[in-house]
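Asks: Pasting structure31.cif below, which is mmCIF, C-alpha atoms.
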```
data_query
loop_
_atom_site.label_atom_id
_atom_site.label_comp_id
_atom_site.auth_asym_id
_atom_site.auth_seq_id
_atom_site.Cartn_x
_atom_site.Cartn_y
_atom_site.Cartn_z
CA LEU A 144 63.25 187.08 -0.74
CA VAL A 145 59.72 187.66 0.49
CA SER A 146 58.25 185.35 -2.16
CA VAL A 147 60.81 182.61 -1.38
CA ALA A 148 60.00 182.90 2.32
CA ALA A 149 56.27 182.81 1.57
CA MET A 150 56.70 179.78 -0.67
CA ALA A 151 58.71 177.99 2.02
CA GLN A 152 55.95 178.69 4.55
CA GLU A 153 53.35 177.14 2.21
CA THR A 154 55.43 174.07 1.42
CA LYS A 155 54.32 171.20 3.59
CA PHE A 156 56.62 168.42 4.67
CA ALA A 157 55.80 165.01 6.06
CA TYR A 158 57.68 161.98 7.25
CA VAL A 159 56.87 158.32 7.57
CA ASP A 160 58.57 155.21 8.91
CA PHE A 161 58.29 153.27 5.67
CA ASN A 162 60.17 150.22 6.94
CA GLU A 163 57.73 149.89 9.84
CA LEU A 164 54.79 150.04 7.44
CA VAL A 165 56.15 147.40 5.12
CA MET A 166 57.33 145.02 7.84
CA LEU A 167 54.02 145.16 9.73
CA MET A 168 51.64 144.86 6.78
CA PRO A 169 49.50 141.69 6.84
CA GLU A 170 50.67 140.96 3.28
CA MET A 171 54.25 140.80 4.55
CA ASP A 172 53.20 138.15 7.07
CA GLU A 173 51.83 136.10 4.17
CA ALA A 174 55.03 136.63 2.20
CA ARG A 175 57.15 135.53 5.18
CA ALA A 176 55.03 132.38 5.57
CA THR A 177 55.38 131.54 1.86
CA LEU A 178 59.14 132.09 2.00
CA GLU A 179 59.43 129.97 5.13
CA GLU A 180 57.44 127.15 3.53
CA ASN A 181 59.62 127.23 0.42
CA SER A 182 62.75 127.36 2.53
CA LYS A 183 61.68 124.19 4.37
CA THR A 184 60.98 122.42 1.07
CA ASN A 185 64.37 123.48 -0.28
CA GLU A 186 66.05 122.30 2.91
CA GLU A 187 64.39 118.88 2.55
CA ILE A 188 65.59 118.62 -1.06
CA LEU A 189 69.13 119.50 -0.08
CA MET A 190 69.12 117.15 2.91
CA ALA A 191 68.02 114.24 0.71
CA MET A 192 70.80 115.01 -1.75
CA TYR A 193 73.33 115.37 1.07
CA GLU A 194 72.27 112.03 2.55
CA GLU A 195 72.78 110.39 -0.85
CA TYR A 196 76.24 111.99 -1.02
CA GLN A 197 77.09 110.83 2.53
CA THR A 198 75.94 107.28 1.82
CA LYS A 199 78.01 107.03 -1.35
CA ALA A 200 81.06 108.59 0.34
CA GLN A 201 80.84 106.17 3.28
CA GLN A 202 80.40 103.24 0.93
CA PHE A 203 83.45 104.40 -0.99
CA GLN A 204 85.56 104.67 2.16
CA GLN A 205 84.51 101.23 3.37
CA LYS A 206 84.91 99.35 0.10
CA ALA A 207 87.46 101.30 -1.95
CA GLU A 208 90.30 98.94 -1.10
CA THR A 209 88.34 95.92 -2.32
CA TRP A 210 87.39 97.45 -5.67
CA THR A 211 89.39 97.28 -8.82
CA PRO A 212 90.95 100.57 -9.97
CA ALA A 213 88.30 100.91 -12.71
CA VAL A 214 85.39 100.49 -10.25
CA ARG A 215 87.08 102.86 -7.79
CA GLU A 216 87.42 105.49 -10.52
CA VAL A 217 83.75 105.13 -11.51
CA LYS A 218 82.65 105.43 -7.89
CA GLU A 219 84.89 108.49 -7.35
CA LYS A 220 83.37 110.18 -10.40
CA GLU A 221 79.89 109.32 -9.15
CA ILE A 222 80.60 110.95 -5.79
CA MET A 223 82.08 114.03 -7.45
CA GLU A 224 79.03 114.32 -9.73
CA ILE A 225 76.70 114.12 -6.73
CA GLU A 226 78.77 116.79 -4.96
CA THR A 227 78.64 119.05 -8.03
CA ARG A 228 74.91 118.49 -8.41
CA LEU A 229 74.42 119.29 -4.73
CA GLN A 230 76.31 122.58 -5.07
CA GLN A 231 74.46 123.52 -8.27
CA THR A 232 71.11 122.71 -6.69
CA GLN A 233 71.96 124.78 -3.63
CA GLN A 234 72.90 127.78 -5.80
CA SER A 235 69.80 127.36 -7.93
CA LEU A 236 67.51 127.15 -4.91
CA GLN A 237 69.12 130.26 -3.40
CA GLN A 238 68.53 132.17 -6.63
CA GLU A 239 64.93 130.96 -6.78
CA MET A 240 64.37 132.05 -3.17
CA GLN A 241 65.77 135.50 -3.91
CA GLN A 242 63.53 135.81 -6.95
CA LEU A 243 60.50 134.61 -5.00
CA GLN A 244 61.26 137.11 -2.24
CA GLN A 245 61.45 139.93 -4.78
CA ASN A 246 58.24 138.81 -6.46
CA LEU A 247 56.38 138.62 -3.16
CA GLN A 248 57.70 141.86 -1.70
CA ALA A 249 57.50 144.13 -4.76
CA PRO A 250 53.70 144.51 -4.64
CA ILE A 251 53.85 145.04 -0.86
CA TYR A 252 56.34 147.89 -1.20
CA GLU A 253 54.30 149.32 -4.06
CA LYS A 254 51.08 149.21 -2.03
CA ALA A 255 52.75 150.93 0.93
CA GLN A 256 54.28 153.57 -1.32
CA ASN A 257 50.99 154.22 -3.12
CA THR A 258 49.20 154.55 0.22
CA VAL A 259 51.72 157.13 1.44
CA ILE A 260 51.47 159.01 -1.85
CA GLU A 261 47.66 159.07 -1.67
CA LEU A 262 47.74 160.35 1.91
CA ALA A 263 50.29 163.01 1.00
CA LYS A 264 48.26 164.19 -1.99
CA ALA A 265 45.08 164.32 0.08
CA LYS A 266 46.85 166.52 2.63
CA GLY A 267 48.44 168.71 -0.04
CA LEU A 268 51.95 167.80 1.03
CA ALA A 269 54.92 168.69 -1.14
CA PHE A 270 57.44 166.22 0.30
CA VAL A 271 57.38 163.00 2.30
CA PHE A 272 60.66 161.84 3.82
CA GLU A 273 61.66 158.49 5.22
CA GLU A 274 61.80 159.13 8.96
CA THR A 275 64.71 156.81 9.68
CA GLN A 276 66.88 158.53 7.06
CA MET A 277 66.57 162.00 8.56
CA LEU A 278 69.06 163.39 11.04
CA TYR A 279 66.49 165.66 12.63
CA ILE A 280 62.75 166.11 12.37
CA ASP A 281 60.83 168.88 14.07
CA PRO A 282 57.31 167.46 14.54
CA ALA A 283 55.90 171.01 14.68
CA GLN A 284 57.23 171.68 11.16
CA GLY A 285 56.04 168.46 9.51
CA VAL A 286 53.34 165.85 9.49
CA ASN A 287 53.90 162.28 10.65
CA LEU A 288 51.98 160.06 8.21
CA THR A 289 52.95 156.78 9.84
CA LEU A 290 49.80 156.34 11.98
CA GLU A 291 47.44 157.24 9.13
CA ALA A 292 49.31 154.96 6.74
CA ARG A 293 49.21 152.12 9.30
CA ALA A 294 45.42 152.48 9.49
CA ALA A 295 45.07 152.65 5.70
CA LEU A 296 47.19 149.49 5.37
CA ASN A 297 45.17 147.59 8.01
CA ILE A 298 48.07 147.23 10.42
CA PRO A 299 46.70 146.39 13.87
CA GLU A 300 47.02 149.26 16.32
CA GLY A 301 49.16 147.54 18.94
CA ARG A 302 51.50 145.85 16.50
CA THR A 303 55.05 147.18 16.49
CA LEU A 304 58.40 146.09 15.13
CA GLU A 305 59.18 144.83 18.63
CA THR A 306 56.04 142.67 18.79
CA LEU A 307 56.80 141.38 15.29
CA GLN A 308 60.29 140.43 16.36
CA ALA A 309 58.86 138.63 19.41
CA GLU A 310 56.38 136.77 17.15
CA LEU A 311 59.15 135.68 14.79
CA GLN A 312 61.39 134.58 17.66
CA ALA A 313 58.54 132.57 19.19
CA LYS A 314 57.89 130.86 15.84
CA ALA A 315 61.57 130.05 15.43
CA LEU A 316 61.75 128.65 18.97
CA ALA A 317 58.63 126.53 18.40
CA ALA A 318 60.10 125.21 15.15
CA GLN A 319 63.36 124.29 16.92
CA GLU A 320 61.46 122.49 19.67
CA ALA A 321 59.35 120.61 17.12
CA GLN A 322 62.49 119.59 15.25
CA ALA A 323 64.15 118.40 18.44
CA GLN A 324 61.25 116.05 19.19
#
```
Now that the file is in, can you turn its structure into structure tokens?
Replies:
Amino acid sequence: LVSVAAMAQETKFAYVDFNELVMLMPEMDEARATLEENSKTNEEILMAMYEEYQTKAQQFQQKAETWTPAVREVKEKEIMEIETRLQQTQQSLQQEMQQLQQNLQAPIYEKAQNTVIELAKAKGLAFVFEETQMLYIDPAQGVNLTLEARAALNIPEGRTLETLQAELQAKALAAQEAQAQ
């Protein structure tokens, strides 16, 4: 019992807000910008296809009664093919966006994880827990690595998840206003 108690006293625990680190890293800002740019491009592609579909559908509604049954059938098939192509393109673009997001974020998560691991090893820590997953943390019994990891990952001192959210909301609002004009 004495050796177990002694071992427990020597074991050092730490905690970190990993989500905060990842979300606030400058690399994540770059990833978000790349994803936003690709999303806009995809939206333009889909809008062009949708406009083609709308034009053909309106033309069909306006002229269907004047066409022969054979022409009407060809035009119906054409509209259905455009609709199918639109759905397939939308699914394909969604899959590509998901893959791009994974490709962009994987090295960011890896960098954050490696940074935390390096800090933990340098401090001789046995365990590092994700702060938001713990029911209770006694700061006197563990080490908070979040601030050191933030510095190691070049996260500006005053930047928080709240300021990030405000930045993203401001960008979204500016984009809506630009679209409205």
Asks: Can you report as AutoDock Vina command-line options the centre and edge lengths in Å, to one decimal, of an axis-aligned box around the listed atoms of stretch 255-263 of chain A padded with 6 Å on each side?
Replies:
```
--center_x 51.0 --center_y 157.0 --center_z -0.6 --size_x 18.6 --size_y 24.1 --size_z 17.0
```
Asks: In Å, with one decimal, what is the gap from atom CA of A:Ala200 to atom CA of A:Glu186?
Replies: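 So the two atoms, atom CA of A:Ala200 and atom CA of A:Glu186, lie 20.5 Å apart.
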Asks: Once the PyMOL selection byres ((chain A and resi 158-163) around 10) has been evaluated on this model, what residues remain selected, and can you format them as number ranges by chain?
Replies: A: 156-157, 164-168, 252, 255-256, 259, 263, 270-277, 280, 282, 285-293, 302-304
Asks: Between A:Gln322, A:Met240, A:Ala283, A:Tyr196, which residue has the minimum interatomic distance to A:Lys220, considering only C-alpha atoms?
Replies: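 Of all the options, A:Tyr196 lies closest to A:Lys220.
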Asks: Please identify all polymer residues within 12 Å of A:Lys314, counting only C-alpha atoms, omitting same-chain residues fewer than 6 positions from it, and present them as a ChimeraX atom specification.
Replies: /A:175-176,179,307-308,320-321
Asks: Please report the interatomic distance between atom CA of A:Leu311 and atom CA of A:Glu173 in Å with one decimal.
Replies: 12.9 Å
Asks: For A:Arg228, list every protein, DNA or RNA residue within 12 Å, evaluated using all atoms listed in the file, and leave out those in the same chain fewer than 6 positions away; present the list as a VMD selection string.
Replies: chain A and resid 188 to 189 192 to 193 195 to 196 221 to 222 234 to 236
Asks: Kindly indicate which residue among A:Gln230, A:Met190, A:Glu239, A:Ala295 lies nearest to A:Asn257, using all atoms listed in the file for the distances.
Replies: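 The answer is A:Ala295, which sits nearest to A:Asn257.
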Asks: Nearest residue to A:Lys254 out of A:Asn297, A:Asn185, A:Thr306, A:Gln233, using all atoms listed in the file?
Replies: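 For A:Lys254, the nearest of the given residues is A:Asn297.
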